[in-house]
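*Asks:* Please find entry_28.pdb (PDB, C-alpha atoms, pLDDT in the B column) on the next line:
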ATOM      1  CA  MET A  15     -93.071  71.912  -5.894  1.00 78.00           C
ATOM      2  CA  ARG A  16     -93.124  68.367  -4.570  1.00 86.00           C
ATOM      3  CA  TRP A  17     -89.480  68.232  -5.523  1.00 89.00           C
ATOM      4  CA  LEU A  18     -88.750  71.148  -3.154  1.00 90.00           C
ATOM      5  CA  ARG A  19     -90.505  69.308  -0.340  1.00 90.00           C
ATOM      6  CA  ARG A  20     -88.577  66.112  -0.768  1.00 90.00           C
ATOM      7  CA  GLU A  21     -86.403  65.084   2.182  1.00 88.00           C
ATOM      8  CA  GLU A  22     -83.429  64.489  -0.092  1.00 91.00           C
ATOM      9  CA  TRP A  23     -82.385  64.962  -3.682  1.00 95.00           C
ATOM     10  CA  SER A  24     -80.364  62.488  -5.683  1.00 95.00           C
ATOM     11  CA  TRP A  25     -76.664  63.301  -5.692  1.00 95.00           C
ATOM     12  CA  TRP A  26     -76.665  64.454  -9.280  1.00 95.00           C
ATOM     13  CA  HIS A  27     -79.539  66.893  -8.784  1.00 95.00           C
ATOM     14  CA  ALA A  28     -77.627  68.509  -5.928  1.00 97.00           C
ATOM     15  CA  GLY A  29     -74.296  68.296  -7.770  1.00 97.00           C
ATOM     16  CA  LEU A  30     -75.624  69.793 -10.980  1.00 97.00           C
ATOM     17  CA  LEU A  31     -77.312  72.628  -9.082  1.00 97.00           C
ATOM     18  CA  LEU A  32     -74.091  73.371  -7.167  1.00 97.00           C
ATOM     19  CA  GLY A  33     -72.281  73.615 -10.502  1.00 97.00           C
ATOM     20  CA  LEU A  34     -74.934  75.945 -11.907  1.00 97.00           C
ATOM     21  CA  LEU A  35     -74.883  78.073  -8.744  1.00 98.00           C
ATOM     22  CA  ASN A  36     -71.109  78.407  -9.042  1.00 97.00           C
ATOM     23  CA  MET A  37     -71.521  79.521 -12.664  1.00 97.00           C
ATOM     24  CA  ALA A  38     -74.083  82.097 -11.526  1.00 97.00           C
ATOM     25  CA  ALA A  39     -71.697  83.321  -8.815  1.00 97.00           C
ATOM     26  CA  PHE A  40     -68.878  83.754 -11.353  1.00 97.00           C
ATOM     27  CA  TYR A  41     -71.176  85.693 -13.689  1.00 97.00           C
ATOM     28  CA  THR A  42     -73.204  87.826 -11.282  1.00 97.00           C
ATOM     29  CA  ALA A  43     -70.572  88.592  -8.650  1.00 96.00           C
ATOM     30  CA  ASP A  44     -67.185  87.659 -10.180  1.00 96.00           C
ATOM     31  CA  HIS A  45     -66.753  85.282  -7.244  1.00 95.00           C
ATOM     32  CA  TYR A  46     -66.544  81.540  -6.785  1.00 94.00           C
ATOM     33  CA  LEU A  47     -68.368  79.681  -4.009  1.00 95.00           C
ATOM     34  CA  ALA A  48     -66.036  79.757  -1.011  1.00 94.00           C
ATOM     35  CA  VAL A  49     -66.442  80.565   2.649  1.00 95.00           C
ATOM     36  CA  SER A  50     -63.184  80.529   4.594  1.00 94.00           C
ATOM     37  CA  THR A  51     -61.986  84.098   3.941  1.00 95.00           C
ATOM     38  CA  THR A  52     -65.087  85.288   5.771  1.00 96.00           C
ATOM     39  CA  PHE A  53     -63.773  83.735   8.977  1.00 95.00           C
ATOM     40  CA  SER A  54     -60.498  85.659   8.588  1.00 94.00           C
ATOM     41  CA  ARG A  55     -62.483  88.865   8.109  1.00 96.00           C
ATOM     42  CA  ALA A  56     -64.710  88.081  11.104  1.00 96.00           C
ATOM     43  CA  ALA A  57     -61.584  87.470  13.213  1.00 95.00           C
ATOM     44  CA  GLY A  58     -60.384  90.916  12.162  1.00 96.00           C
ATOM     45  CA  MET A  59     -63.699  92.427  13.273  1.00 97.00           C
ATOM     46  CA  ALA A  60     -63.557  90.623  16.617  1.00 97.00           C
ATOM     47  CA  VAL A  61     -59.975  91.706  17.312  1.00 96.00           C
ATOM     48  CA  GLY A  62     -60.889  95.204  16.140  1.00 96.00           C
ATOM     49  CA  VAL A  63     -63.357  95.524  19.024  1.00 96.00           C
ATOM     50  CA  VAL A  64     -60.566  95.316  21.602  1.00 96.00           C
ATOM     51  CA  ALA A  65     -57.484  96.361  19.583  1.00 95.00           C
ATOM     52  CA  PRO A  66     -58.428  98.496  16.567  1.00 95.00           C
ATOM     53  CA  THR A  67     -54.903  99.899  16.143  1.00 96.00           C
ATOM     54  CA  HIS A  68     -53.473  96.387  15.924  1.00 95.00           C
ATOM     55  CA  VAL A  69     -55.947  95.473  13.171  1.00 96.00           C
ATOM     56  CA  ALA A  70     -55.223  98.685  11.265  1.00 95.00           C
ATOM     57  CA  ALA A  71     -51.475  98.001  11.402  1.00 96.00           C
ATOM     58  CA  ASN A  72     -51.768  94.330  10.436  1.00 95.00           C
ATOM     59  CA  LEU A  73     -50.552  93.711   6.866  1.00 96.00           C
ATOM     60  CA  TYR A  74     -52.915  90.773   6.312  1.00 95.00           C
ATOM     61  CA  TRP A  75     -56.003  92.665   7.428  1.00 96.00           C
ATOM     62  CA  GLN A  76     -54.894  95.639   5.321  1.00 96.00           C
ATOM     63  CA  LYS A  77     -55.167  93.295   2.319  1.00 95.00           C
ATOM     64  CA  VAL A  78     -58.154  91.265   3.543  1.00 94.00           C
ATOM     65  CA  ASN A  79     -60.176  94.081   5.118  1.00 95.00           C
ATOM     66  CA  PRO A  80     -62.396  93.083   8.036  1.00 96.00           C
ATOM     67  CA  ILE A  81     -65.548  94.208   6.255  1.00 95.00           C
ATOM     68  CA  VAL A  82     -68.865  92.630   5.289  1.00 97.00           C
ATOM     69  CA  ASP A  83     -68.584  91.693   1.614  1.00 96.00           C
ATOM     70  CA  TRP A  84     -70.374  89.416  -0.869  1.00 97.00           C
ATOM     71  CA  GLN A  85     -68.854  86.272   0.640  1.00 97.00           C
ATOM     72  CA  PHE A  86     -69.691  87.351   4.193  1.00 97.00           C
ATOM     73  CA  MET A  87     -73.351  87.603   3.181  1.00 98.00           C
ATOM     74  CA  LEU A  88     -73.054  84.235   1.435  1.00 98.00           C
ATOM     75  CA  VAL A  89     -71.953  82.632   4.697  1.00 98.00           C
ATOM     76  CA  LEU A  90     -74.883  84.246   6.541  1.00 98.00           C
ATOM     77  CA  GLY A  91     -77.235  82.917   3.870  1.00 98.00           C
ATOM     78  CA  ILE A  92     -76.138  79.279   4.106  1.00 97.00           C
ATOM     79  CA  PRO A  93     -77.854  78.425   7.436  1.00 97.00           C
ATOM     80  CA  LEU A  94     -80.984  80.284   6.286  1.00 97.00           C
ATOM     81  CA  GLY A  95     -81.139  78.224   3.106  1.00 97.00           C
ATOM     82  CA  ALA A  96     -80.419  74.985   4.933  1.00 96.00           C
ATOM     83  CA  TYR A  97     -83.189  75.766   7.452  1.00 96.00           C
ATOM     84  CA  LEU A  98     -85.613  76.512   4.634  1.00 96.00           C
ATOM     85  CA  ALA A  99     -84.716  73.254   2.888  1.00 96.00           C
ATOM     86  CA  ALA A 100     -85.239  71.260   6.076  1.00 94.00           C
ATOM     87  CA  ARG A 101     -88.457  73.098   6.948  1.00 95.00           C
ATOM     88  CA  LEU A 102     -90.001  72.434   3.540  1.00 94.00           C
ATOM     89  CA  SER A 103     -89.744  68.692   4.016  1.00 91.00           C
ATOM     90  CA  GLN A 104     -91.092  68.500   7.572  1.00 88.00           C
ATOM     91  CA  ARG A 105     -93.686  70.180   9.770  1.00 83.00           C
ATOM     92  CA  ALA A 106     -91.180  71.618  12.216  1.00 86.00           C
ATOM     93  CA  VAL A 107     -87.416  71.761  12.440  1.00 89.00           C
ATOM     94  CA  THR A 108     -86.165  70.793  15.877  1.00 88.00           C
ATOM     95  CA  PHE A 109     -82.848  72.010  17.214  1.00 88.00           C
ATOM     96  CA  THR A 110     -81.137  69.587  19.535  1.00 85.00           C
ATOM     97  CA  THR A 111     -77.932  69.383  21.520  1.00 82.00           C
ATOM     98  CA  GLN A 112     -78.104  65.609  21.347  1.00 84.00           C
ATOM     99  CA  LEU A 113     -74.864  64.116  20.045  1.00 86.00           C
ATOM    100  CA  PRO A 114     -74.736  61.636  17.164  1.00 86.00           C
ATOM    101  CA  ASP A 115     -74.473  58.008  18.372  1.00 86.00           C
ATOM    102  CA  LEU A 116     -71.272  57.433  16.428  1.00 86.00           C
ATOM    103  CA  TRP A 117     -69.570  60.340  18.166  1.00 88.00           C
ATOM    104  CA  VAL A 118     -70.757  59.196  21.597  1.00 90.00           C
ATOM    105  CA  ASN A 119     -69.567  55.630  20.935  1.00 90.00           C
ATOM    106  CA  ARG A 120     -66.084  56.929  20.197  1.00 89.00           C
ATOM    107  CA  PHE A 121     -65.705  59.844  22.597  1.00 90.00           C
ATOM    108  CA  GLY A 122     -68.345  59.296  25.288  1.00 89.00           C
ATOM    109  CA  THR A 123     -70.830  61.731  26.803  1.00 88.00           C
ATOM    110  CA  SER A 124     -68.440  63.882  28.891  1.00 90.00           C
ATOM    111  CA  SER A 125     -69.410  67.467  28.232  1.00 89.00           C
ATOM    112  CA  ALA A 126     -65.872  68.735  28.961  1.00 92.00           C
ATOM    113  CA  ARG A 127     -64.573  66.427  26.256  1.00 92.00           C
ATOM    114  CA  ARG A 128     -67.352  67.547  23.948  1.00 91.00           C
ATOM    115  CA  TRP A 129     -66.380  71.198  24.338  1.00 92.00           C
ATOM    116  CA  THR A 130     -62.659  70.476  24.021  1.00 94.00           C
ATOM    117  CA  LEU A 131     -63.009  68.374  20.884  1.00 94.00           C
ATOM    118  CA  GLY A 132     -65.527  70.783  19.414  1.00 92.00           C
ATOM    119  CA  LEU A 133     -63.114  73.665  19.859  1.00 95.00           C
ATOM    120  CA  LEU A 134     -60.125  71.631  18.659  1.00 96.00           C
ATOM    121  CA  GLY A 135     -62.054  70.391  15.619  1.00 95.00           C
ATOM    122  CA  GLY A 136     -63.080  73.925  14.767  1.00 95.00           C
ATOM    123  CA  ILE A 137     -59.476  75.127  14.991  1.00 96.00           C
ATOM    124  CA  PHE A 138     -58.348  72.248  12.733  1.00 97.00           C
ATOM    125  CA  VAL A 139     -61.067  72.942  10.171  1.00 95.00           C
ATOM    126  CA  GLY A 140     -60.231  76.649  10.073  1.00 95.00           C
ATOM    127  CA  PHE A 141     -56.467  76.155  10.025  1.00 96.00           C
ATOM    128  CA  GLY A 142     -56.608  73.347   7.451  1.00 96.00           C
ATOM    129  CA  ALA A 143     -58.905  75.258   5.113  1.00 95.00           C
ATOM    130  CA  ARG A 144     -56.672  78.339   5.154  1.00 94.00           C
ATOM    131  CA  LEU A 145     -53.434  76.331   4.867  1.00 95.00           C
ATOM    132  CA  ALA A 146     -54.774  74.460   1.826  1.00 93.00           C
ATOM    133  CA  ASP A 147     -55.958  77.819   0.419  1.00 86.00           C
ATOM    134  CA  GLY A 148     -59.329  76.235  -0.287  1.00 74.00           C
TER     135      GLY A 148
ATOM    136  CA  MET B  12     -68.602  91.406 -21.842  1.00 72.00           C
ATOM    137  CA  GLY B  13     -67.288  89.822 -18.698  1.00 81.00           C
ATOM    138  CA  PRO B  14     -69.097  89.327 -15.408  1.00 90.00           C
ATOM    139  CA  LEU B  15     -71.859  91.710 -14.368  1.00 92.00           C
ATOM    140  CA  GLU B  16     -70.729  94.761 -12.435  1.00 91.00           C
ATOM    141  CA  ILE B  17     -73.039  94.832  -9.451  1.00 91.00           C
ATOM    142  CA  THR B  18     -71.774  96.898  -6.524  1.00 90.00           C
ATOM    143  CA  GLY B  19     -72.736  98.254  -3.115  1.00 91.00           C
ATOM    144  CA  SER B  20     -75.663  96.865  -1.165  1.00 94.00           C
ATOM    145  CA  ALA B  21     -77.118  95.150  -4.260  1.00 95.00           C
ATOM    146  CA  LYS B  22     -74.018  92.961  -4.277  1.00 96.00           C
ATOM    147  CA  LEU B  23     -74.501  92.153  -0.581  1.00 97.00           C
ATOM    148  CA  VAL B  24     -78.110  91.124  -1.192  1.00 97.00           C
ATOM    149  CA  LEU B  25     -76.890  89.020  -4.105  1.00 97.00           C
ATOM    150  CA  GLY B  26     -74.393  87.339  -1.770  1.00 97.00           C
ATOM    151  CA  LEU B  27     -77.140  86.561   0.746  1.00 98.00           C
ATOM    152  CA  LEU B  28     -79.409  85.101  -1.949  1.00 98.00           C
ATOM    153  CA  THR B  29     -76.565  83.007  -3.343  1.00 98.00           C
ATOM    154  CA  GLY B  30     -75.841  81.774   0.184  1.00 98.00           C
ATOM    155  CA  ILE B  31     -79.493  80.825   0.769  1.00 98.00           C
ATOM    156  CA  LEU B  32     -79.483  78.777  -2.440  1.00 98.00           C
ATOM    157  CA  PHE B  33     -76.109  77.277  -1.497  1.00 98.00           C
ATOM    158  CA  GLY B  34     -77.391  76.179   1.918  1.00 97.00           C
ATOM    159  CA  PHE B  35     -80.618  74.907   0.413  1.00 97.00           C
ATOM    160  CA  ILE B  36     -78.818  72.689  -2.102  1.00 97.00           C
ATOM    161  CA  LEU B  37     -76.319  71.409   0.470  1.00 96.00           C
ATOM    162  CA  GLN B  38     -79.156  70.445   2.830  1.00 96.00           C
ATOM    163  CA  LYS B  39     -81.203  68.716   0.131  1.00 96.00           C
ATOM    164  CA  GLY B  40     -78.052  66.958  -1.057  1.00 95.00           C
ATOM    165  CA  GLN B  41     -77.577  65.556   2.505  1.00 93.00           C
ATOM    166  CA  VAL B  42     -74.091  67.074   2.692  1.00 92.00           C
ATOM    167  CA  THR B  43     -74.942  68.871   5.946  1.00 90.00           C
ATOM    168  CA  LYS B  44     -75.658  65.651   7.821  1.00 88.00           C
ATOM    169  CA  TYR B  45     -73.126  64.247  10.285  1.00 86.00           C
ATOM    170  CA  GLN B  46     -74.133  60.679   9.463  1.00 87.00           C
ATOM    171  CA  LYS B  47     -73.396  61.267   5.773  1.00 91.00           C
ATOM    172  CA  ILE B  48     -70.097  63.023   6.430  1.00 90.00           C
ATOM    173  CA  VAL B  49     -68.816  60.281   8.748  1.00 90.00           C
ATOM    174  CA  SER B  50     -70.002  57.590   6.331  1.00 91.00           C
ATOM    175  CA  PHE B  51     -68.009  59.260   3.578  1.00 92.00           C
ATOM    176  CA  PHE B  52     -64.817  59.143   5.650  1.00 91.00           C
ATOM    177  CA  ARG B  53     -65.503  55.487   6.461  1.00 91.00           C
ATOM    178  CA  LEU B  54     -66.193  54.823   2.766  1.00 94.00           C
ATOM    179  CA  THR B  55     -69.577  53.266   3.563  1.00 94.00           C
ATOM    180  CA  ASP B  56     -71.700  55.946   1.819  1.00 94.00           C
ATOM    181  CA  LEU B  57     -70.187  58.120  -0.872  1.00 95.00           C
ATOM    182  CA  THR B  58     -73.078  60.627  -1.132  1.00 94.00           C
ATOM    183  CA  VAL B  59     -70.903  63.544   0.016  1.00 94.00           C
ATOM    184  CA  LEU B  60     -68.206  62.671  -2.527  1.00 95.00           C
ATOM    185  CA  LYS B  61     -70.738  62.303  -5.336  1.00 96.00           C
ATOM    186  CA  VAL B  62     -72.531  65.578  -4.615  1.00 96.00           C
ATOM    187  CA  LEU B  63     -69.327  67.594  -4.247  1.00 95.00           C
ATOM    188  CA  MET B  64     -67.551  65.964  -7.209  1.00 96.00           C
ATOM    189  CA  GLY B  65     -70.722  66.414  -9.265  1.00 96.00           C
ATOM    190  CA  GLY B  66     -70.735  70.092  -8.317  1.00 96.00           C
ATOM    191  CA  ILE B  67     -67.050  70.506  -9.118  1.00 96.00           C
ATOM    192  CA  VAL B  68     -67.266  68.758 -12.487  1.00 97.00           C
ATOM    193  CA  ALA B  69     -70.459  70.541 -13.551  1.00 97.00           C
ATOM    194  CA  GLY B  70     -68.989  73.845 -12.383  1.00 96.00           C
ATOM    195  CA  MET B  71     -65.685  73.228 -14.176  1.00 96.00           C
ATOM    196  CA  VAL B  72     -67.346  72.523 -17.501  1.00 97.00           C
ATOM    197  CA  GLY B  73     -69.892  75.306 -17.112  1.00 97.00           C
ATOM    198  CA  VAL B  74     -67.497  78.003 -15.935  1.00 96.00           C
ATOM    199  CA  TYR B  75     -65.029  77.156 -18.690  1.00 96.00           C
ATOM    200  CA  LEU B  76     -67.789  77.389 -21.281  1.00 97.00           C
ATOM    201  CA  MET B  77     -68.742  80.806 -19.928  1.00 96.00           C
ATOM    202  CA  TYR B  78     -65.066  81.781 -19.967  1.00 96.00           C
ATOM    203  CA  ASP B  79     -64.829  80.878 -23.667  1.00 96.00           C
ATOM    204  CA  LEU B  80     -67.955  82.960 -24.282  1.00 95.00           C
ATOM    205  CA  GLY B  81     -66.272  85.872 -22.486  1.00 94.00           C
ATOM    206  CA  LEU B  82     -68.844  85.971 -19.686  1.00 95.00           C
ATOM    207  CA  VAL B  83     -66.640  85.297 -16.671  1.00 95.00           C
ATOM    208  CA  LYS B  84     -63.115  85.822 -15.368  1.00 94.00           C
ATOM    209  CA  LEU B  85     -61.190  82.900 -13.907  1.00 94.00           C
ATOM    210  CA  HIS B  86     -59.718  83.078 -10.405  1.00 91.00           C
ATOM    211  CA  ILE B  87     -56.810  80.688 -10.476  1.00 91.00           C
ATOM    212  CA  LYS B  88     -55.033  80.007  -7.218  1.00 90.00           C
ATOM    213  CA  PRO B  89     -51.462  78.715  -7.119  1.00 88.00           C
ATOM    214  CA  THR B  90     -51.043  74.973  -6.508  1.00 91.00           C
ATOM    215  CA  VAL B  91     -48.876  74.419  -3.444  1.00 93.00           C
ATOM    216  CA  LEU B  92     -48.978  70.658  -3.083  1.00 94.00           C
ATOM    217  CA  GLY B  93     -47.536  70.445   0.433  1.00 94.00           C
ATOM    218  CA  ALA B  94     -49.914  73.064   1.839  1.00 95.00           C
ATOM    219  CA  ASN B  95     -52.896  71.715  -0.116  1.00 95.00           C
ATOM    220  CA  ILE B  96     -52.397  68.138   1.060  1.00 96.00           C
ATOM    221  CA  LEU B  97     -51.464  68.932   4.662  1.00 96.00           C
ATOM    222  CA  GLY B  98     -54.289  71.472   4.924  1.00 96.00           C
ATOM    223  CA  GLY B  99     -56.769  68.966   3.546  1.00 95.00           C
ATOM    224  CA  LEU B 100     -55.674  66.314   6.033  1.00 96.00           C
ATOM    225  CA  ILE B 101     -55.935  68.694   8.991  1.00 97.00           C
ATOM    226  CA  PHE B 102     -59.338  69.892   7.747  1.00 95.00           C
ATOM    227  CA  GLY B 103     -60.630  66.309   7.561  1.00 93.00           C
ATOM    228  CA  VAL B 104     -59.428  65.440  11.059  1.00 94.00           C
ATOM    229  CA  GLY B 105     -61.061  68.579  12.392  1.00 94.00           C
ATOM    230  CA  MET B 106     -64.343  67.831  10.697  1.00 91.00           C
ATOM    231  CA  LEU B 107     -64.656  64.428  12.319  1.00 90.00           C
ATOM    232  CA  LEU B 108     -63.533  65.620  15.763  1.00 90.00           C
ATOM    233  CA  LEU B 109     -66.247  68.269  15.654  1.00 87.00           C
ATOM    234  CA  GLY B 110     -69.020  65.754  15.603  1.00 73.00           C
ATOM    235  CA  PHE B 111     -71.284  67.819  13.391  1.00 67.00           C
TER     236      PHE B 111
END
Just give me the structure as structure tokens.
*Replies:*
Amino acid sequence: MRWLRREEWSWWHAGLLLGLLNMAAFYTADHYLAVSTTFSRAAGMAVGVVAPTHVAANLYWQKVNPIVDWQFMLVLGIPLGAYLAARLSQRAVTFTTQLPDLWVNRFGTSSARRWTLGLLGGIFVGFGARLADG
Amino acid sequence: MGPLEITGSAKLVLGLLTGILFGFILQKGQVTKYQKIVSFFRLTDLTVLKVLMGGIVAGMVGVYLMYDLGLVKLHIKPTVLGANILGGLIFGVGMLLLGF
């Protein structure tokens, strides 16, 4: 149990467990560990709120239905697991809006710039992940 | 043989549990930390690389073993080098712009 309370695991503990978890996912759910399709599905749900006929007619969303599936639940589980891991190694987990020093040194403290780069970075991450089919 | 056939809400619960374990391991492996991610890109701390490569290698060997035993199906995606490389580069830039 002390191992579960440790602040960090060695890289090969974490790596080995990720490999085992992927094996379990293949066996129990016929899925591999991946997250990005969930964001495409969630986009379909969001668009569906304002334009359901558009979503229904969209060829991509006809193939990748905007529904909650195994992977969608996986994505919801990730922050829960990460919180649990952090909580086990400290008395309380604090949430902060404080920026990392490295980021501030490069981009400054302007909150407009923070929002812009945050949004831009998110678009890049989403677009890149889907383009690379990863 | 082949993977288990779990369906309906049991499969959703399974997904949530798998996700909780996934997040737990990523957090304990330090992969969720901005400092570690930036240090990987600057090549000053390769923890992120080691954890993820360790996971990939262990998973590759393990999944292939299970495949030979007839326990799992493979999900092979096409290799499209241009899209894979360009997508990876854009993803990396995005990750560092984000700041978390």
*Asks:* Which residues of chain B come within 7 Å of chain A, and for each one, what is the closest pair of atoms and their distance in Å to one decimal, counting all atoms listed in the file, sorted by chain and residue number, as JSON lines?
*Replies:*
{"residue": "B:Pro14", "atom": "CA", "partner": "A:Tyr41", "partner_atom": "CA", "distance": 4.5}
{"residue": "B:Leu15", "atom": "CA", "partner": "A:Thr42", "partner_atom": "CA", "distance": 5.1}
{"residue": "B:Ile17", "atom": "CA", "partner": "A:Ala43", "partner_atom": "CA", "distance": 6.8}
{"residue": "B:Lys22", "atom": "CA", "partner": "A:Trp84", "partner_atom": "CA", "distance": 6.1}
{"residue": "B:Leu23", "atom": "CA", "partner": "A:Trp84", "partner_atom": "CA", "distance": 5.0}
{"residue": "B:Gly26", "atom": "CA", "partner": "A:Trp84", "partner_atom": "CA", "distance": 4.6}
{"residue": "B:Leu27", "atom": "CA", "partner": "A:Met87", "partner_atom": "CA", "distance": 4.6}
{"residue": "B:Leu28", "atom": "CA", "partner": "A:Gly91", "partner_atom": "CA", "distance": 6.6}
{"residue": "B:Thr29", "atom": "CA", "partner": "A:Leu88", "partner_atom": "CA", "distance": 6.1}
{"residue": "B:Gly30", "atom": "CA", "partner": "A:Leu88", "partner_atom": "CA", "distance": 3.9}
{"residue": "B:Ile31", "atom": "CA", "partner": "A:Gly95", "partner_atom": "CA", "distance": 3.9}
{"residue": "B:Leu32", "atom": "CA", "partner": "A:Gly95", "partner_atom": "CA", "distance": 5.8}
{"residue": "B:Phe33", "atom": "CA", "partner": "A:Ile92", "partner_atom": "CA", "distance": 5.9}
{"residue": "B:Gly34", "atom": "CA", "partner": "A:Ile92", "partner_atom": "CA", "distance": 4.0}
{"residue": "B:Phe35", "atom": "CA", "partner": "A:Gly95", "partner_atom": "CA", "distance": 4.3}
{"residue": "B:Ile36", "atom": "CA", "partner": "A:Ala28", "partner_atom": "CA", "distance": 5.8}
{"residue": "B:Gln38", "atom": "CA", "partner": "A:Ala96", "partner_atom": "CA", "distance": 5.2}
{"residue": "B:Lys39", "atom": "CA", "partner": "A:Glu22", "partner_atom": "CA", "distance": 4.8}
{"residue": "B:Gly40", "atom": "CA", "partner": "A:Ala28", "partner_atom": "CA", "distance": 5.1}
{"residue": "B:Gln41", "atom": "CA", "partner": "A:Glu22", "partner_atom": "CA", "distance": 6.5}
{"residue": "B:Thr58", "atom": "CA", "partner": "A:Trp25", "partner_atom": "CA", "distance": 6.4}
{"residue": "B:Lys61", "atom": "CA", "partner": "A:Trp25", "partner_atom": "CA", "distance": 6.0}
{"residue": "B:Val62", "atom": "CA", "partner": "A:Gly29", "partner_atom": "CA", "distance": 4.5}
{"residue": "B:Leu63", "atom": "CA", "partner": "A:Gly29", "partner_atom": "CA", "distance": 6.1}
{"residue": "B:Gly65", "atom": "CA", "partner": "A:Gly29", "partner_atom": "CA", "distance": 4.3}
{"residue": "B:Gly66", "atom": "CA", "partner": "A:Gly29", "partner_atom": "CA", "distance": 4.0}
{"residue": "B:Ile67", "atom": "CA", "partner": "A:Gly33", "partner_atom": "CA", "distance": 6.2}
{"residue": "B:Ala69", "atom": "CA", "partner": "A:Gly33", "partner_atom": "CA", "distance": 4.7}
{"residue": "B:Gly70", "atom": "CA", "partner": "A:Gly33", "partner_atom": "CA", "distance": 3.8}
{"residue": "B:Gly73", "atom": "CA", "partner": "A:Met37", "partner_atom": "CA", "distance": 6.3}
{"residue": "B:Val74", "atom": "CA", "partner": "A:Met37", "partner_atom": "CA", "distance": 5.4}
{"residue": "B:Leu82", "atom": "CA", "partner": "A:Tyr41", "partner_atom": "CA", "distance": 6.4}
{"residue": "B:Val83", "atom": "CA", "partner": "A:Tyr41", "partner_atom": "CA", "distance": 5.4}
{"residue": "B:Lys84", "atom": "CA", "partner": "A:Asp44", "partner_atom": "CA", "distance": 6.8}
{"residue": "B:Ala94", "atom": "CA", "partner": "A:Ala146", "partner_atom": "CA", "distance": 5.1}
{"residue": "B:Asn95", "atom": "CA", "partner": "A:Ala146", "partner_atom": "CA", "distance": 3.9}
{"residue": "B:Ile96", "atom": "CA", "partner": "A:Ala146", "partner_atom": "CA", "distance": 6.8}
{"residue": "B:Gly98", "atom": "CA", "partner": "A:Gly142", "partner_atom": "CA", "distance": 3.9}
{"residue": "B:Gly99", "atom": "CA", "partner": "A:Gly142", "partner_atom": "CA", "distance": 5.9}
{"residue": "B:Ile101", "atom": "CA", "partner": "A:Gly142", "partner_atom": "CA", "distance": 4.9}
{"residue": "B:Phe102", "atom": "CA", "partner": "A:Val139", "partner_atom": "CA", "distance": 4.3}
{"residue": "B:Gly105", "atom": "CA", "partner": "A:Gly135", "partner_atom": "CA", "distance": 3.8}
{"residue": "B:Met106", "atom": "CA", "partner": "A:Gly135", "partner_atom": "CA", "distance": 6.0}
{"residue": "B:Leu108", "atom": "CA", "partner": "A:Gly135", "partner_atom": "CA", "distance": 5.0}
{"residue": "B:Leu109", "atom": "CA", "partner": "A:Gly132", "partner_atom": "CA", "distance": 4.6}
{"residue": "B:Gly110", "atom": "CA", "partner": "A:Trp117", "partner_atom": "CA", "distance": 6.0}
*Asks:* Could you give me the axis-aligned bounding box of region 57-61 of chain B, with 5 Å of padding per side, as centre plus edge lengths in Å to one decimal, as JSON?
*Replies:*
{"center_x": -70.6, "center_y": 60.8, "center_z": -2.7, "size_x": 14.9, "size_y": 15.4, "size_z": 15.4}
*Asks:* How far is it from CA of Phe109 (chain A) to CA of Lys44 (chain B), in Å with one decimal?
*Replies:*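 The value is 13.4 Å.
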*Asks:* Considering only C-alpha atoms, can you say which of B:Met64, B:Val72, B:Leu85, B:Ile48 comes closest to Gly13 (chain B)?
*Replies:*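 Under the stated criterion, the closest residue is B:Leu85.
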*Asks:* So the first atom is CA of Val42 (chain B) and the second is CA of Val59 (chain B); what is the distance between them in Å, to one decimal place?
*Replies:*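 Atom-to-atom, CA of Val42 (chain B) to CA of Val59 (chain B), that is 5.5 Å.
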*Asks:* How many Å lie between CA of Arg55 (chain A) and CA of Ile81 (chain A), rounded to one decimal?
*Replies:*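 These atoms are spaced 6.4 Å apart.
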*Asks:* Take the PyMOL selection byres ((chain A and resi 73-77) around 10), apply it to the structure above, and return the hits as a count of residues only.
*Replies:* 14
*Asks:* So, counting all atoms listed in the file, which residue among B:Leu107, B:Val68, B:Met12, B:Leu80 is closest to Lys47 (chain B)?
*Replies:* B:Leu107
*Asks:* With N, CA and C atoms as the atom set, please write region 133-140 of chain A from the structure just given, as a PDB file, in the first residue's frame.
*Replies:*
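Wrote it out as part.pdb, contents follow:
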ATOM      1  N   LEU A 133      -6.226  28.140 -26.250  1.00  0.00           N
ATOM      2  CA  LEU A 133      -7.172  27.708 -27.285  1.00  0.00           C
ATOM      3  C   LEU A 133      -6.432  27.176 -28.513  1.00  0.00           C
ATOM      4  N   LEU A 134      -5.424  27.944 -28.946  1.00  0.00           N
ATOM      5  CA  LEU A 134      -4.637  27.555 -30.125  1.00  0.00           C
ATOM      6  C   LEU A 134      -3.948  26.208 -29.890  1.00  0.00           C
ATOM      7  N   GLY A 135      -3.347  26.055 -28.709  1.00  0.00           N
ATOM      8  CA  GLY A 135      -2.683  24.796 -28.375  1.00  0.00           C
ATOM      9  C   GLY A 135      -3.654  23.632 -28.395  1.00  0.00           C
ATOM     10  N   GLY A 136      -4.837  23.860 -27.865  1.00  0.00           N
ATOM     11  CA  GLY A 136      -5.856  22.814 -27.849  1.00  0.00           C
ATOM     12  C   GLY A 136      -6.272  22.415 -29.252  1.00  0.00           C
ATOM     13  N   ILE A 137      -6.422  23.420 -30.126  1.00  0.00           N
ATOM     14  CA  ILE A 137      -6.778  23.134 -31.528  1.00  0.00           C
ATOM     15  C   ILE A 137      -5.655  22.318 -32.185  1.00  0.00           C
ATOM     16  N   PHE A 138      -4.411  22.715 -31.954  1.00  0.00           N
ATOM     17  CA  PHE A 138      -3.266  21.991 -32.535  1.00  0.00           C
ATOM     18  C   PHE A 138      -3.222  20.546 -32.048  1.00  0.00           C
ATOM     19  N   VAL A 139      -3.405  20.371 -30.748  1.00  0.00           N
ATOM     20  CA  VAL A 139      -3.356  19.011 -30.178  1.00  0.00           C
ATOM     21  C   VAL A 139      -4.456  18.139 -30.800  1.00  0.00           C
ATOM     22  N   GLY A 140      -5.660  18.688 -30.871  1.00  0.00           N
ATOM     23  CA  GLY A 140      -6.775  17.932 -31.438  1.00  0.00           C
ATOM     24  C   GLY A 140      -6.568  17.640 -32.911  1.00  0.00           C
TER      25      GLY A 140
END
